[in-house]
Each structure stands twice: as structure tokens, then as C-alpha cells.
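**Q** You'll find query_26.pdb just under this line, and it carries PDB, C-alpha atoms and all ligand atoms.
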ATOM      1  CA  MET A  26       0.861  -2.452   8.076  1.00  0.00           C
ATOM      2  CA  ALA A  27      -0.286  -6.018   8.593  1.00  0.00           C
ATOM      3  CA  ASP A  28      -1.811  -5.493  12.027  1.00  0.00           C
ATOM      4  CA  LEU A  29      -3.094  -1.982  11.345  1.00  0.00           C
ATOM      5  CA  SER A  30      -4.684  -2.481   7.949  1.00  0.00           C
ATOM      6  CA  SER A  31      -7.084  -4.938   9.510  1.00  0.00           C
ATOM      7  CA  PRO A  32     -10.255  -6.362   7.975  1.00  0.00           C
ATOM      8  CA  ARG A  33     -12.213  -3.957  10.190  1.00  0.00           C
ATOM      9  CA  LEU A  34     -10.400  -0.887   8.875  1.00  0.00           C
ATOM     10  CA  ALA A  35     -10.589  -2.059   5.267  1.00  0.00           C
ATOM     11  CA  ALA A  36     -14.320  -2.656   5.660  1.00  0.00           C
ATOM     12  CA  ALA A  37     -14.839   0.786   7.219  1.00  0.00           C
ATOM     13  CA  VAL A  38     -12.972   2.447   4.336  1.00  0.00           C
ATOM     14  CA  ALA A  39     -14.989   0.439   1.817  1.00  0.00           C
ATOM     15  CA  GLU A  40     -18.232   1.335   3.573  1.00  0.00           C
ATOM     16  CA  ALA A  41     -17.245   5.000   3.349  1.00  0.00           C
ATOM     17  CA  GLY A  42     -16.823   4.666  -0.432  1.00  0.00           C
ATOM     18  CA  GLY A  43     -13.056   4.201  -0.580  1.00  0.00           C
ATOM     19  CA  LEU A  44     -10.939   1.215  -1.579  1.00  0.00           C
ATOM     20  CA  GLY A  45     -10.134  -0.578   1.658  1.00  0.00           C
ATOM     21  CA  ILE A  46      -6.879  -2.518   1.613  1.00  0.00           C
ATOM     22  CA  VAL A  47      -5.896  -5.422   3.863  1.00  0.00           C
ATOM     23  CA  SER A  48      -2.243  -6.403   4.202  1.00  0.00           C
ATOM     24  CA  VAL A  49      -2.056 -10.168   3.706  1.00  0.00           C
ATOM     25  CA  TYR A  50       1.656 -10.821   3.313  1.00  0.00           C
ATOM     26  CA  GLY A  51       2.999 -13.513   5.597  1.00  0.00           C
ATOM     27  CA  ALA A  52      -0.373 -15.273   5.609  1.00  0.00           C
ATOM     28  CA  THR A  53      -1.024 -18.705   4.118  1.00  0.00           C
ATOM     29  CA  PRO A  54      -3.553 -19.041   1.291  1.00  0.00           C
ATOM     30  CA  ALA A  55      -6.156 -20.317   3.763  1.00  0.00           C
ATOM     31  CA  GLN A  56      -5.493 -17.394   6.104  1.00  0.00           C
ATOM     32  CA  ILE A  57      -5.741 -14.933   3.217  1.00  0.00           C
ATOM     33  CA  ALA A  58      -9.093 -16.388   2.228  1.00  0.00           C
ATOM     34  CA  ALA A  59     -10.325 -16.112   5.799  1.00  0.00           C
ATOM     35  CA  LEU A  60      -9.110 -12.500   6.161  1.00  0.00           C
ATOM     36  CA  LEU A  61     -10.838 -11.439   2.964  1.00  0.00           C
ATOM     37  CA  ASP A  62     -14.020 -13.299   3.859  1.00  0.00           C
ATOM     38  CA  THR A  63     -14.004 -11.364   7.128  1.00  0.00           C
ATOM     39  CA  VAL A  64     -13.891  -8.089   5.211  1.00  0.00           C
ATOM     40  CA  ARG A  65     -16.665  -9.209   2.849  1.00  0.00           C
ATOM     41  CA  ALA A  66     -18.863 -10.081   5.816  1.00  0.00           C
ATOM     42  CA  GLN A  67     -18.610  -6.464   6.992  1.00  0.00           C
ATOM     43  CA  THR A  68     -19.113  -4.532   3.755  1.00  0.00           C
ATOM     44  CA  THR A  69     -20.656  -4.597   0.309  1.00  0.00           C
ATOM     45  CA  GLY A  70     -18.030  -2.058  -0.791  1.00  0.00           C
ATOM     46  CA  VAL A  71     -14.808  -2.449  -2.715  1.00  0.00           C
ATOM     47  CA  PHE A  72     -11.646  -3.749  -1.095  1.00  0.00           C
ATOM     48  CA  GLY A  73      -8.319  -5.276  -2.014  1.00  0.00           C
ATOM     49  CA  ALA A  74      -5.333  -7.178  -0.674  1.00  0.00           C
ATOM     50  CA  ASN A  75      -1.775  -5.902  -0.326  1.00  0.00           C
ATOM     51  CA  PHE A  76       1.377  -7.989  -0.688  1.00  0.00           C
ATOM     52  CA  ILE A  77       4.936  -7.112   0.206  1.00  0.00           C
ATOM     53  CA  MET A  78       6.455  -9.918  -1.763  1.00  0.00           C
ATOM     54  CA  ARG A  79       9.643 -10.301   0.267  1.00  0.00           C
ATOM     55  CA  PHE A  80       7.496 -11.597   3.126  1.00  0.00           C
ATOM     56  CA  VAL A  81       5.641 -14.185   1.078  1.00  0.00           C
ATOM     57  CA  ASP A  82       6.966 -17.762   1.048  1.00  0.00           C
ATOM     58  CA  PRO A  83       8.222 -18.134  -2.568  1.00  0.00           C
ATOM     59  CA  ALA A  84       6.670 -21.584  -2.799  1.00  0.00           C
ATOM     60  CA  LEU A  85       3.242 -20.144  -1.947  1.00  0.00           C
ATOM     61  CA  VAL A  86       3.332 -16.985  -4.083  1.00  0.00           C
ATOM     62  CA  PRO A  87       1.101 -18.132  -6.985  1.00  0.00           C
ATOM     63  CA  GLU A  88      -1.507 -19.621  -4.658  1.00  0.00           C
ATOM     64  CA  CYS A  89      -1.519 -16.636  -2.286  1.00  0.00           C
ATOM     65  CA  VAL A  90      -1.986 -14.166  -5.131  1.00  0.00           C
ATOM     66  CA  ALA A  91      -4.620 -16.323  -6.842  1.00  0.00           C
ATOM     67  CA  VAL A  92      -6.654 -16.629  -3.643  1.00  0.00           C
ATOM     68  CA  ALA A  93      -6.508 -12.862  -3.097  1.00  0.00           C
ATOM     69  CA  ALA A  94      -7.530 -12.157  -6.688  1.00  0.00           C
ATOM     70  CA  ALA A  95     -10.521 -14.469  -6.425  1.00  0.00           C
ATOM     71  CA  LYS A  96     -11.728 -12.911  -3.185  1.00  0.00           C
ATOM     72  CA  ASP A  97     -11.496  -9.169  -3.898  1.00  0.00           C
ATOM     73  CA  LYS A  98     -11.382  -6.547  -6.611  1.00  0.00           C
ATOM     74  CA  VAL A  99      -7.768  -5.331  -6.360  1.00  0.00           C
ATOM     75  CA  VAL A 100      -4.429  -6.945  -5.597  1.00  0.00           C
ATOM     76  CA  ASP A 101      -1.815  -4.388  -4.679  1.00  0.00           C
ATOM     77  CA  PHE A 102       1.959  -4.997  -4.580  1.00  0.00           C
ATOM     78  CA  PHE A 103       4.730  -3.017  -2.916  1.00  0.00           C
ATOM     79  CA  TYR A 104       8.483  -3.188  -2.471  1.00  0.00           C
ATOM     80  CA  SER A 105       9.530  -5.592  -5.195  1.00  0.00           C
ATOM     81  CA  ASP A 106      10.209  -5.264  -8.887  1.00  0.00           C
ATOM     82  CA  PRO A 107       7.027  -5.257 -10.985  1.00  0.00           C
ATOM     83  CA  ASP A 108       6.337  -8.772 -12.193  1.00  0.00           C
ATOM     84  CA  ALA A 109       4.133  -9.587 -15.199  1.00  0.00           C
ATOM     85  CA  THR A 110       3.611 -13.149 -13.954  1.00  0.00           C
ATOM     86  CA  LEU A 111       1.969 -11.890 -10.780  1.00  0.00           C
ATOM     87  CA  VAL A 112      -0.160  -9.449 -12.746  1.00  0.00           C
ATOM     88  CA  GLU A 113      -1.347 -12.315 -14.971  1.00  0.00           C
ATOM     89  CA  ILE A 114      -2.368 -14.333 -11.909  1.00  0.00           C
ATOM     90  CA  VAL A 115      -4.343 -11.343 -10.616  1.00  0.00           C
ATOM     91  CA  HIS A 116      -6.119 -10.894 -13.940  1.00  0.00           C
ATOM     92  CA  ALA A 117      -6.855 -14.606 -14.224  1.00  0.00           C
ATOM     93  CA  GLY A 118      -8.616 -14.339 -10.863  1.00  0.00           C
ATOM     94  CA  GLY A 119     -10.758 -11.452 -12.089  1.00  0.00           C
ATOM     95  CA  ALA A 120      -9.171  -8.604 -10.080  1.00  0.00           C
ATOM     96  CA  LEU A 121      -7.256  -5.473 -10.988  1.00  0.00           C
ATOM     97  CA  ALA A 122      -3.506  -5.310 -10.380  1.00  0.00           C
ATOM     98  CA  CYS A 123      -1.832  -2.330  -8.760  1.00  0.00           C
ATOM     99  CA  TRP A 124       1.820  -1.625  -7.939  1.00  0.00           C
ATOM    100  CA  GLN A 125       2.949   1.059  -5.503  1.00  0.00           C
ATOM    101  CA  VAL A 126       6.115   2.601  -6.980  1.00  0.00           C
ATOM    102  CA  GLY A 127       8.776   5.048  -5.907  1.00  0.00           C
ATOM    103  CA  SER A 128      10.296   6.168  -9.189  1.00  0.00           C
ATOM    104  CA  ARG A 129       9.434   6.902 -12.807  1.00  0.00           C
ATOM    105  CA  GLU A 130      11.444   3.836 -13.863  1.00  0.00           C
ATOM    106  CA  GLU A 131       9.522   1.588 -11.530  1.00  0.00           C
ATOM    107  CA  ALA A 132       6.246   3.109 -12.754  1.00  0.00           C
ATOM    108  CA  VAL A 133       7.117   2.335 -16.367  1.00  0.00           C
ATOM    109  CA  ALA A 134       8.089  -1.213 -15.390  1.00  0.00           C
ATOM    110  CA  ALA A 135       4.778  -1.675 -13.553  1.00  0.00           C
ATOM    111  CA  ALA A 136       2.763  -0.356 -16.488  1.00  0.00           C
ATOM    112  CA  ASN A 137       4.713  -2.610 -18.859  1.00  0.00           C
ATOM    113  CA  ALA A 138       4.026  -5.550 -16.548  1.00  0.00           C
ATOM    114  CA  GLY A 139       0.322  -4.973 -17.204  1.00  0.00           C
ATOM    115  CA  CYS A 140      -0.777  -3.205 -14.020  1.00  0.00           C
ATOM    116  CA  ASP A 141      -4.195  -1.572 -14.254  1.00  0.00           C
ATOM    117  CA  PHE A 142      -3.231   1.352 -12.051  1.00  0.00           C
ATOM    118  CA  LEU A 143      -0.285   2.546  -9.998  1.00  0.00           C
ATOM    119  CA  ILE A 144       0.388   4.353  -6.774  1.00  0.00           C
ATOM    120  CA  ALA A 145       3.225   6.893  -6.805  1.00  0.00           C
ATOM    121  CA  GLN A 146       4.712   7.037  -3.324  1.00  0.00           C
ATOM    122  CA  GLY A 147       6.631  10.203  -2.476  1.00  0.00           C
ATOM    123  CA  ILE A 148       9.308  10.470   0.175  1.00  0.00           C
ATOM    124  CA  GLU A 149       6.753  12.090   2.520  1.00  0.00           C
ATOM    125  CA  ALA A 150       5.057   8.721   3.006  1.00  0.00           C
ATOM    126  CA  GLY A 151       4.753   6.966   6.333  1.00  0.00           C
ATOM    127  CA  GLY A 152       5.739   3.332   6.750  1.00  0.00           C
ATOM    128  CA  HIS A 153       8.392   1.921   4.450  1.00  0.00           C
ATOM    129  CA  VAL A 154       9.354   4.435   1.859  1.00  0.00           C
ATOM    130  CA  ARG A 155      10.098   3.543  -1.732  1.00  0.00           C
ATOM    131  CA  GLY A 156      10.028   7.116  -3.059  1.00  0.00           C
ATOM    132  CA  ARG A 157      13.240   9.123  -3.021  1.00  0.00           C
ATOM    133  CA  ILE A 158      11.805  12.468  -4.134  1.00  0.00           C
ATOM    134  CA  GLY A 159       8.847  14.615  -3.149  1.00  0.00           C
ATOM    135  CA  LEU A 160       5.372  13.473  -4.152  1.00  0.00           C
ATOM    136  CA  LEU A 161       4.567  16.340  -6.517  1.00  0.00           C
ATOM    137  CA  ALA A 162       7.794  15.917  -8.471  1.00  0.00           C
ATOM    138  CA  LEU A 163       7.379  12.133  -8.611  1.00  0.00           C
ATOM    139  CA  LEU A 164       3.719  12.364  -9.585  1.00  0.00           C
ATOM    140  CA  SER A 165       4.546  14.741 -12.399  1.00  0.00           C
ATOM    141  CA  GLU A 166       7.220  12.390 -13.763  1.00  0.00           C
ATOM    142  CA  VAL A 167       5.042   9.291 -13.438  1.00  0.00           C
ATOM    143  CA  LEU A 168       1.982  10.896 -15.040  1.00  0.00           C
ATOM    144  CA  ALA A 169       4.077  11.868 -18.029  1.00  0.00           C
ATOM    145  CA  ALA A 170       5.530   8.382 -18.368  1.00  0.00           C
ATOM    146  CA  VAL A 171       2.511   6.029 -18.132  1.00  0.00           C
ATOM    147  CA  ASP A 172      -1.019   5.820 -19.520  1.00  0.00           C
ATOM    148  CA  VAL A 173      -2.683   3.982 -16.632  1.00  0.00           C
ATOM    149  CA  PRO A 174      -4.397   5.800 -13.724  1.00  0.00           C
ATOM    150  CA  VAL A 175      -2.031   6.946 -10.973  1.00  0.00           C
ATOM    151  CA  LEU A 176      -2.882   7.461  -7.305  1.00  0.00           C
ATOM    152  CA  ALA A 177      -0.728   9.696  -5.095  1.00  0.00           C
ATOM    153  CA  ALA A 178       0.650   8.611  -1.701  1.00  0.00           C
ATOM    154  CA  GLY A 179       2.695  10.419   0.885  1.00  0.00           C
ATOM    155  CA  GLY A 180       1.725  13.021   3.432  1.00  0.00           C
ATOM    156  CA  ILE A 181      -1.945  13.132   2.502  1.00  0.00           C
ATOM    157  CA  GLY A 182      -3.866  13.452   5.733  1.00  0.00           C
ATOM    158  CA  SER A 183      -6.602  15.976   5.002  1.00  0.00           C
ATOM    159  CA  GLY A 184      -9.169  16.841   2.378  1.00  0.00           C
ATOM    160  CA  ARG A 185      -7.074  19.865   1.487  1.00  0.00           C
ATOM    161  CA  ALA A 186      -4.009  17.708   0.792  1.00  0.00           C
ATOM    162  CA  MET A 187      -6.128  15.290  -1.217  1.00  0.00           C
ATOM    163  CA  ALA A 188      -7.494  18.170  -3.296  1.00  0.00           C
ATOM    164  CA  ALA A 189      -3.926  19.330  -3.936  1.00  0.00           C
ATOM    165  CA  ALA A 190      -2.885  15.882  -5.178  1.00  0.00           C
ATOM    166  CA  LEU A 191      -5.938  15.682  -7.439  1.00  0.00           C
ATOM    167  CA  ALA A 192      -5.209  19.175  -8.758  1.00  0.00           C
ATOM    168  CA  ALA A 193      -1.670  17.982  -9.534  1.00  0.00           C
ATOM    169  CA  GLY A 194      -3.122  15.294 -11.780  1.00  0.00           C
ATOM    170  CA  ALA A 195      -3.519  12.277  -9.510  1.00  0.00           C
ATOM    171  CA  ASP A 196      -6.511  10.061 -10.237  1.00  0.00           C
ATOM    172  CA  GLY A 197      -6.951   9.407  -6.531  1.00  0.00           C
ATOM    173  CA  VAL A 198      -4.947   9.166  -3.332  1.00  0.00           C
ATOM    174  CA  ARG A 199      -3.707   6.532  -0.902  1.00  0.00           C
ATOM    175  CA  VAL A 200      -3.821   7.479   2.757  1.00  0.00           C
ATOM    176  CA  GLY A 201      -1.823   5.563   5.356  1.00  0.00           C
ATOM    177  CA  THR A 202      -0.668   7.387   8.480  1.00  0.00           C
ATOM    178  CA  ARG A 203      -3.931   9.274   8.950  1.00  0.00           C
ATOM    179  CA  PHE A 204      -5.783   5.987   9.316  1.00  0.00           C
ATOM    180  CA  VAL A 205      -3.452   4.652  12.004  1.00  0.00           C
ATOM    181  CA  ALA A 206      -5.380   6.932  14.341  1.00  0.00           C
ATOM    182  CA  ALA A 207      -8.721   5.523  13.240  1.00  0.00           C
ATOM    183  CA  GLU A 208     -10.481   3.452  15.871  1.00  0.00           C
ATOM    184  CA  GLU A 209     -10.874   0.593  13.367  1.00  0.00           C
ATOM    185  CA  ALA A 210      -7.091   0.270  12.920  1.00  0.00           C
ATOM    186  CA  GLY A 211      -6.714  -1.051  16.439  1.00  0.00           C
ATOM    187  CA  ALA A 212      -3.319   0.631  16.937  1.00  0.00           C
ATOM    188  CA  HIS A 213      -1.870   0.721  20.431  1.00  0.00           C
ATOM    189  CA  PRO A 214      -3.333   3.728  22.323  1.00  0.00           C
ATOM    190  CA  ALA A 215       0.169   5.092  22.954  1.00  0.00           C
ATOM    191  CA  TYR A 216       0.874   5.069  19.212  1.00  0.00           C
ATOM    192  CA  VAL A 217      -2.400   6.820  18.462  1.00  0.00           C
ATOM    193  CA  GLN A 218      -1.772   9.386  21.197  1.00  0.00           C
ATOM    194  CA  ALA A 219       1.748  10.113  19.929  1.00  0.00           C
ATOM    195  CA  LEU A 220       0.481  10.431  16.391  1.00  0.00           C
ATOM    196  CA  ILE A 221      -2.246  12.881  17.325  1.00  0.00           C
ATOM    197  CA  ALA A 222       0.130  14.911  19.476  1.00  0.00           C
ATOM    198  CA  ALA A 223       2.835  15.056  16.783  1.00  0.00           C
ATOM    199  CA  GLU A 224       3.450  18.062  14.611  1.00  0.00           C
ATOM    200  CA  ALA A 225       4.804  18.072  11.071  1.00  0.00           C
ATOM    201  CA  GLN A 226       8.353  18.810  12.248  1.00  0.00           C
ATOM    202  CA  ASP A 227       8.315  15.657  14.420  1.00  0.00           C
ATOM    203  CA  THR A 228       8.617  13.499  11.276  1.00  0.00           C
ATOM    204  CA  VAL A 229      11.769  11.388  11.161  1.00  0.00           C
ATOM    205  CA  TYR A 230      13.260   9.449   8.280  1.00  0.00           C
ATOM    206  CA  THR A 231      14.935   6.437   9.810  1.00  0.00           C
ATOM    207  CA  ASP A 232      15.694   2.756   9.463  1.00  0.00           C
ATOM    208  CA  VAL A 233      14.980   1.852  13.096  1.00  0.00           C
ATOM    209  CA  PHE A 234      11.721   0.195  12.015  1.00  0.00           C
ATOM    210  CA  SER A 235      13.450  -1.833   9.325  1.00  0.00           C
ATOM    211  CA  VAL A 236      14.147  -5.031  11.243  1.00  0.00           C
ATOM    212  CA  GLY A 237      13.784  -7.892   8.790  1.00  0.00           C
ATOM    213  CA  TRP A 238      13.806  -5.555   5.826  1.00  0.00           C
ATOM    214  CA  HIS A 239      17.397  -6.393   4.815  1.00  0.00           C
ATOM    215  CA  THR A 240      18.603  -2.938   5.661  1.00  0.00           C
ATOM    216  CA  GLY A 241      20.124  -0.694   3.087  1.00  0.00           C
ATOM    217  CA  PRO A 242      18.717   1.788   0.646  1.00  0.00           C
ATOM    218  CA  GLY A 243      15.053   1.185   0.147  1.00  0.00           C
ATOM    219  CA  SER A 244      14.334   0.010   3.652  1.00  0.00           C
ATOM    220  CA  ARG A 245      13.898   3.237   5.552  1.00  0.00           C
ATOM    221  CA  SER A 246      10.726   4.238   7.331  1.00  0.00           C
ATOM    222  CA  THR A 247       9.149   7.423   8.458  1.00  0.00           C
ATOM    223  CA  GLY A 248       7.836   7.318  11.956  1.00  0.00           C
TER
HETATM  224  C1  LIG B 301       2.199   2.124   9.726  1.00  0.00           C
HETATM  225  C2  LIG B 301       2.264   1.972   8.228  1.00  0.00           C
HETATM  226  C3  LIG B 301       2.385   0.702   7.682  1.00  0.00           C
HETATM  227  C4  LIG B 301       2.418   0.528   6.286  1.00  0.00           C
HETATM  228  N1  LIG B 301       2.424  -0.732   5.764  1.00  0.00           N
HETATM  229  C5  LIG B 301       2.306  -0.911   4.428  1.00  0.00           C
HETATM  230  C6  LIG B 301       2.157  -2.221   3.886  1.00  0.00           C
HETATM  231  O1  LIG B 301       2.100  -3.221   4.587  1.00  0.00           O
HETATM  232  N2  LIG B 301       2.060  -2.332   2.544  1.00  0.00           N
HETATM  233  C7  LIG B 301       2.092  -1.248   1.710  1.00  0.00           C
HETATM  234  O2  LIG B 301       1.978  -1.406   0.503  1.00  0.00           O
HETATM  235  N3  LIG B 301       2.248  -0.006   2.214  1.00  0.00           N
HETATM  236  C8  LIG B 301       2.338   0.186   3.543  1.00  0.00           C
HETATM  237  N4  LIG B 301       2.450   1.454   4.050  1.00  0.00           N
HETATM  238  C9  LIG B 301       2.652   2.582   3.125  1.00  0.00           C
HETATM  239  C10 LIG B 301       1.358   3.037   2.476  1.00  0.00           C
HETATM  240  O3  LIG B 301       1.003   2.150   1.430  1.00  0.00           O
HETATM  241  C11 LIG B 301       1.487   4.460   1.884  1.00  0.00           C
HETATM  242  O4  LIG B 301       2.503   4.510   0.924  1.00  0.00           O
HETATM  243  C12 LIG B 301       1.779   5.531   2.916  1.00  0.00           C
HETATM  244  O5  LIG B 301       1.110   5.292   4.127  1.00  0.00           O
HETATM  245  C13 LIG B 301       1.358   6.884   2.357  1.00  0.00           C
HETATM  246  O6  LIG B 301       1.869   7.939   3.141  1.00  0.00           O
HETATM  247  P1  LIG B 301       1.128   8.521   4.440  1.00  0.00           P
HETATM  248  O7  LIG B 301       1.403   7.544   5.520  1.00  0.00           O
HETATM  249  O8  LIG B 301       1.810   9.831   4.661  1.00  0.00           O
HETATM  250  O9  LIG B 301      -0.335   8.633   4.137  1.00  0.00           O
HETATM  251  C14 LIG B 301       2.391   1.652   5.442  1.00  0.00           C
HETATM  252  C15 LIG B 301       2.277   2.931   6.009  1.00  0.00           C
HETATM  253  C16 LIG B 301       2.201   3.097   7.380  1.00  0.00           C
HETATM  254  C17 LIG B 301       2.052   4.485   7.940  1.00  0.00           C
END
Using the file provided, produce a representation of the structure as C-alpha cells.
Ligand SMILES: Cc1cc2nc3c(=O)[nH]c(=O)nc-3n(C[C@H](O)[C@H](O)[C@H](O)COP(=O)(O)O)c2cc1C
**A**
Amino acid sequence: MADLSSPRLAAAVAEAGGLGIVSVYGATPAQIAALLDTVRAQTTGVFGANFIMRFVDPALVPECVAVAAAKDKVVDFFYSDPDATLVEIVHAGGALACWQVGSREEAVAAANAGCDFLIAQGIEAGGHVRGRIGLLALLSEVLAAVDVPVLAAGGIGSGRAMAAALAAGADGVRVGTRFVAAEEAGAHPAYVQALIAAEAQDTVYTDVFSVGWHTGPGSRSTG
């Protein structure tokens, strides 16, 4: 979501009282600092940085994560095995560490790695999908397996859906696809138009958006 989860969108979410997240993978430490400074200039609210570790230069990982942790309140990881070393770097920088997970096993690993909270991503999710089962079933398994707060992600695009996830025990929700249509996301107008025109049955589960994701299980996307 690197282009869509822009500083402007993260700041707007933070201004509205949510936790705005900026994707910073693929950026150098200096670029990460600049991105997060741009968010801070637009809001006094709470925001965080998101890393998909496979896109971070291994040589720059500690510095990238340390810079993010020093500049925001949350560092959020997705699509790699939970790593206690990364969590320690986040904590040393004074931020909270979060891992978005797709299974009970991954949730337990993330909690054991020291994460402060988790995001359980069900198969309904847009973007790259880690979850292999429906959100409610996954959430139920994860909540029973860990003691840290758990947010729910996948198919939540309305207040009603958010209320359902909270009623199912989630401590909060992550919303992705719904915000692609937000003006602040800066998505191409054709994308926004298609999204607004789409109905639930138009959802596809595909790997056509997985270029560079080392295709195979765990690299599919909903679009
Ligand atoms: C266009 C798009 C790009 C995404 N990019 C990222 C990303 O860079 N990092 C990440 O952790 N999650 C990413 N996600 C997944 C979200 O974190 C979240 O799991 C998902 O959007 C929740 O499902 P929903 O789209 O139905 O709300 C992306 C989702 C979408 C729709």
C-alpha cells in the first residue's frame, strides 16, 4: 500500500482519532524520517509506520526500524515471521510493536516475540492476504491463544462491520480497502471509481497483483 497509505491519509486518520499508518518499506532511513516528519507536520494525532520486511534491504533493516520507532508511536510488521530482534529495536526507540498475522500459530509467535498488540487478518482482507480462514474464526482462535490486544482486519468497511468485529472480541479494527476510496489516499480515479461501483460478489482472490512477491502460497491478493 506504499503509494496509497500516504502521509496525507495517515494524518487524516490520525486527525480523526484513529491510528494512521504509513507504509515505509523500500525507503531508506532518511526517506523514512522524511515521510514520518511529513505526517507529524499535518497532525498531532497518533500514527505509525508499516514494514513488509521482504522489501527492506537486509543491510538497512536495523536502521530503518530504529528511525521509524523514534519518529512515531507504532511500528507495524507484515508478511514475515515474527522477529524478537525487530521488536527489541522498536521498544528501544520508544514505540509499540505490532505484527499483522494470518494464523493462530503466527499470532503466538508474534506475542512470544514481544509484540504489544497484533492484527488478525482474515481471508476477506484486501491487498496481500496472510489469513487462510475467515476473520471471525481466526479472531476467535487468536483471542484464545494470546494475552495481548488483537485488532481485526478483513472486510471491515462500515461502522456496522466494525461493531460486529468488536462484538466478536476484537480490541479494534484495521481498515484497508475502504480507505483506498478516500480522497487523501490519492488512488487513481479509475481505481476509486471501480471500487465504488463494485459489489461484494465482484471480489476476486488472485495472484495477478503478486509481481515481486515470490509467488506461491502466501502471496495472493484480493482485488
Ligand atoms: C491496496 C492495499 C494495499 C495494502 N498494502 C499493505 C501494506 O503495504 N502493508 C500491510 O501491512 N498491509 C497492507 N494491506 C493490507 C491491510 O493491512 C489489511 O490487512 C487489509 O486492508 C484489511 O482488509 P480490508 O482491505 O478488507 O479492509 C493492503 C491492503 C490494500 C487494500
**Q** Go through the shown structure with the PyMOL selection byres (((chain A and resi 97-105) around 9) and not hetatm) and write out the matching residues as JSON, numbers by chain.
**A** {"A": [44, 46, 61, 65, 71, 72, 73, 74, 75, 76, 77, 78, 79, 90, 92, 93, 94, 95, 96, 106, 107, 108, 112, 115, 119, 120, 121, 122, 123, 124, 125, 126, 127, 143, 153, 154, 155, 243]}
**Q** Calculate how many Å separate atom CA of A:Ala36 from atom C6 of ligand LIG 301 (chain B), rounding to one decimal.
**A**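 Answer for the atom CA of A:Ala36 to atom C6 of ligand LIG 301 (chain B) separation: 16.6 Å.
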**Q** Going by the chain IDs and residue numbers used in this file, which residues fall under the PyMOL selection byres (((not hetatm)) within 6 of (chain B and resi 301))? Write them as number ranges by chain.
**A** A: 26-27, 48, 75, 103, 146, 149-153, 178-181, 200-202
**Q** Given all atoms listed in the file as the basis, pick out the residue of A:His116, A:Gly51, A:Thr110, A:Ala39 nearest to A:Ala138.
**A**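 Of all the options, A:Thr110 lies closest to A:Ala138.
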**Q** Can you tell me how far atom CA of A:Met187 sits from atom CA of A:Ile148, in Å to one decimal?
**A**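 Atom-to-atom, atom CA of A:Met187 and atom CA of A:Ile148 are spaced 16.2 Å apart.
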**Q** Check which residues satisfy the PyMOL selection byres (((chain A and resi 34) around 9) and not hetatm) in the file shown, then give them as a PDB file with C-alpha atoms, in the frame of the given file.
**A**
ATOM      1  CA  LEU A  29      -3.094  -1.982  11.345  1.00  0.00           C
ATOM      2  CA  SER A  30      -4.684  -2.481   7.949  1.00  0.00           C
ATOM      3  CA  SER A  31      -7.084  -4.938   9.510  1.00  0.00           C
ATOM      4  CA  PRO A  32     -10.255  -6.362   7.975  1.00  0.00           C
ATOM      5  CA  ARG A  33     -12.213  -3.957  10.190  1.00  0.00           C
ATOM      6  CA  ALA A  35     -10.589  -2.059   5.267  1.00  0.00           C
ATOM      7  CA  ALA A  36     -14.320  -2.656   5.660  1.00  0.00           C
ATOM      8  CA  ALA A  37     -14.839   0.786   7.219  1.00  0.00           C
ATOM      9  CA  VAL A  38     -12.972   2.447   4.336  1.00  0.00           C
ATOM     10  CA  ALA A  39     -14.989   0.439   1.817  1.00  0.00           C
ATOM     11  CA  GLY A  45     -10.134  -0.578   1.658  1.00  0.00           C
ATOM     12  CA  ILE A  46      -6.879  -2.518   1.613  1.00  0.00           C
ATOM     13  CA  VAL A  47      -5.896  -5.422   3.863  1.00  0.00           C
ATOM     14  CA  VAL A  64     -13.891  -8.089   5.211  1.00  0.00           C
ATOM     15  CA  PHE A 204      -5.783   5.987   9.316  1.00  0.00           C
ATOM     16  CA  ALA A 207      -8.721   5.523  13.240  1.00  0.00           C
ATOM     17  CA  GLU A 208     -10.481   3.452  15.871  1.00  0.00           C
ATOM     18  CA  GLU A 209     -10.874   0.593  13.367  1.00  0.00           C
ATOM     19  CA  ALA A 210      -7.091   0.270  12.920  1.00  0.00           C
ATOM     20  CA  GLY A 211      -6.714  -1.051  16.439  1.00  0.00           C
TER      21      GLY A 211
END
**Q** Tell me, in Å to one decimal, how far atom CA of A:Ala212 is from atom CA of A:Cys89.
**A**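 Separation of atom CA of A:Ala212 and atom CA of A:Cys89: 25.9 Å.
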**Q** For A:Thr53, list every protein, DNA or RNA residue within 9 Å, evaluated using all atoms listed in the file, and leave out those in the same chain fewer than 4 positions away; present the list as a list in words.
**A**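 With the cut-off at 9 Å, the set is Val49, Ile57, Ala58, Val81, Asp82, Leu85, Glu88 and Cys89 of chain A.
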**Q** Which one of A:Phe142, A:Gly42, A:Val167, A:Leu161 sits closest to A:Ala189 if you count all atoms listed in the file?
**A** A:Leu161
**Q** Rank nothing, just name the residue among A:Asp232, A:Glu166, A:Asp62, A:Asp172 nearest to A:Ala135, using all atoms listed in the file.
**A**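 Of A:Asp232, A:Glu166, A:Asp62, A:Asp172, the one nearest A:Ala135, counting all atoms listed in the file, is A:Asp172.
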**Q** Hey, which of A:Ala170, A:Ala192, A:Ala222, A:Ile144 ends up closest to A:Glu130? Count all atoms listed in the file.
**A**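 The answer is A:Ala170, which sits nearest to A:Glu130.
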